[in-house]
Structures are given as C-alpha cells and as structure tokens.
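See structure below.
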Amino acid sequence: MEQQKVLDIFTETGVMLKGHFLLTSGRHSDTYMQCAHLFKYPKYAEMLAQDLVDQFAGQAVDLVVGPAIGGIILSYEVSRLLGAENMFVERENGAMTLRRGFAIQPGQKVLIVEDVVTTGGSVVETMDVVRAAGGEIVGVGVIVDRSAGKVDFGVPLHSVISMEVKSYPADECPVCETGLPLVKPGSRKIK
C-alpha cells in the first residue's frame with residue numbers, strides 16, 4: 001500500500017496525534033499513533049490487515065496472536081483474512097500470558113501482530129509466551145513500525161507503514177522543556 005494512502009487514512013481517522021506522550025516503552029514522544037481510532041472503521045481495518053496478509057503470502061500460518069489491547073482487533077482481522085485461528089495474550093500480575101482457556105499447540109505456526117511498534121517490548125513478551133507454549137513464530141506483522149525498521153525480532157517483520165518517529169528517554173525529552181503536559185494514551189498500566 002502506498003505510504004501516502006496510509007497517511008491519508010491516519011489523518012482521516014485521527015490515528016496520528018501531536019502533543020507530549022508517554023509511550024508504553026517509558027519513552028517520550030511528540031507523536032502518538034492511536035490505532036484504536038483506525039479500528040472504528042472496518043473498511044480500513046480490513047484494508048490494512050489485507051496489506052499485512054499480502055506481505056506474508058505463501059507463509060503457512062495456523063494461528064495469529066496479538067498482545068492486548070492493541071493487537072486484539074488486528075489479530076482477529078488478519079486471522080479472518082488468512083482463514084486461521086486467533087487469540088491474544090494479556091497481562092496478569094504484570095506479565096503477558098495466555099488466559100481464557102487459550103492454548104497454543106506445540107508446532108503451530110504463529111504469526112504475531114501488533115498495531116504499533118516502537119521498541120518492540122510487547123511483541124518480545126508475546127514471542128516469549130508463544131515459544132514457551134511450543135509455537136513456531138513465522139513472523140511479526142505491524143500496522144506502524146515507528147522504528148523505521150531498526151527493531152529486530154529475529155523473524156521476518158513486515159509493516160503497513162514504517163516511519164521514524166522520534167522518541168526520547170524521559171530525562172532527555174525536549175518536549176518536557178516546553179512545559180506541555182505529558183499524556184499516557186496507551187493501555188499498559190491502566191488501573
């Protein structure tokens with residue numbers, strides 16, 4: 001999919017936000033990708049999920065797994081298009097785990113999907129759960145790769161859009177110096 005078309009969809013749906021944001025990784029940024037807004041529109045969810053499916057064409061996939069919350073809808077949509085099963089991992093006592101009776105069978109070929117990747121922490125945690133259950137990870141698919149391809153999971157990584165969106169350690173954030181309030185729009189550590 002053309003990068004400009006993806007950016008137009010992000011603008012139309014309110015995905016790309018500007019301000020002062022605390023990312024899941026603990027880093028700060030002046031740009032936040034709120035893909036939850038994208039998933040309000042099934043036609044765009046299907047379109048972007050299809051782009052990921054096309055990038056994994058020819059790859060055998062038995063199961064699609066996404067980390068909660070950002071990967072839940074995407075994992076469903078990708079699995080629907082692939083004709084594969086899907087499930088998600090979620091936090092329990094601070095650690096990603098399979099709950100709700102979900103089980104990965106040893107040897108299942110697993111595609112991991114996530115809405116946005118910056119450092120890849122949630123994806124790595126998801127990979128650990130899949131591997132511990134005996135699943136074979138065939139790749140990682142993301143809507144937005146904020147690292148511009150710098151993140152390495154040791155398996156093929158495909159994204160709908162790859163862009164470098166600067167983020168900073170909290171003690172080096174230039175946006176903090178402006179006095180703009182810090183906002184945490186993500187789902188991790190919600191009480």
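Following the order of the structure tokens, first chain is A, next is B, and so on, with residues numbered from 1 inside each chain and ligands from 1 in the order they appear.
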Exercise. Enumerate the residues of chain A with a DSSP assignment of strand (DSSP E or B), computed from the backbone, and present them as a PyMOL selection string.
Key: chain A and resi 16-22+28-33+63-67+85-92+95-97+109-117+136-145+147+157-162+164+168+183
Could the residues of stretch 132-188 of chain A that have an atom at most 10 Å from stretch 71-74 of chain A be listed as CSV, each with its closest atom pair and the distance in Å to one decimal, counting only C-alpha atoms and ordered by chain and ascending residue number?
```
residue,atom,partner,partner_atom,distance
A:Gly141,CA,A:Leu74,CA,9.7
A:Val142,CA,A:Leu74,CA,8.8
A:Ile143,CA,A:Leu74,CA,8.7
```
Residue subset to file, keeping C-alpha atoms, as a PDB file, in the first residue's frame:
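For reference, part_9.pdb as written:
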```
ATOM      1  CA  GLY A 141       3.260  -8.001  11.287  1.00  0.00           C
ATOM      2  CA  VAL A 142       2.511  -4.473  12.461  1.00  0.00           C
ATOM      3  CA  ILE A 143       0.432  -1.590  11.200  1.00  0.00           C
TER       4      ILE A 143
END
```
Quiz prompt | Atomic separation - atom CA of A:Leu22 relative to atom CA of A:Val113, Å | solution = 22.0 Å
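The space separating atom CA of A:Val110 from atom CA of A:Leu63 comes to 4.9 Å.
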Quiz prompt | Selected residue of minimal separation from A:Ser147 among A:Thr97, A:Gln55, A:Thr119, A:Thr178, counting only C-alpha atoms | solution = A:Thr119
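With only C-alpha atoms as the basis for measurement, A:Ser75 is the residue among A:Ser167, A:Asn93, A:Ser75, A:Ser29 that approaches A:Gln50 most closely.
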Quiz item: In terms of the shortest atom-to-atom distance over only C-alpha atoms, which of A:Leu111, A:Ala60, A:Cys176, A:Ala49 is closest to A:Arg80?
Solution: A:Ala49
Self-check item: Who sits within 10 Å of A:Gly83, only C-alpha atoms, same chain under 5 positions skipped, as a list in words
Solution: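 Surrounding residues, per the criterion: Val61, Asp62, Leu63, Val64, Glu77 and Val78 of chain A.
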Quiz item: atom CA of A:Thr11 to atom CA of A:Leu38: how many Å, to one decimal?
Solution: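 A separation of 9.8 Å between them.
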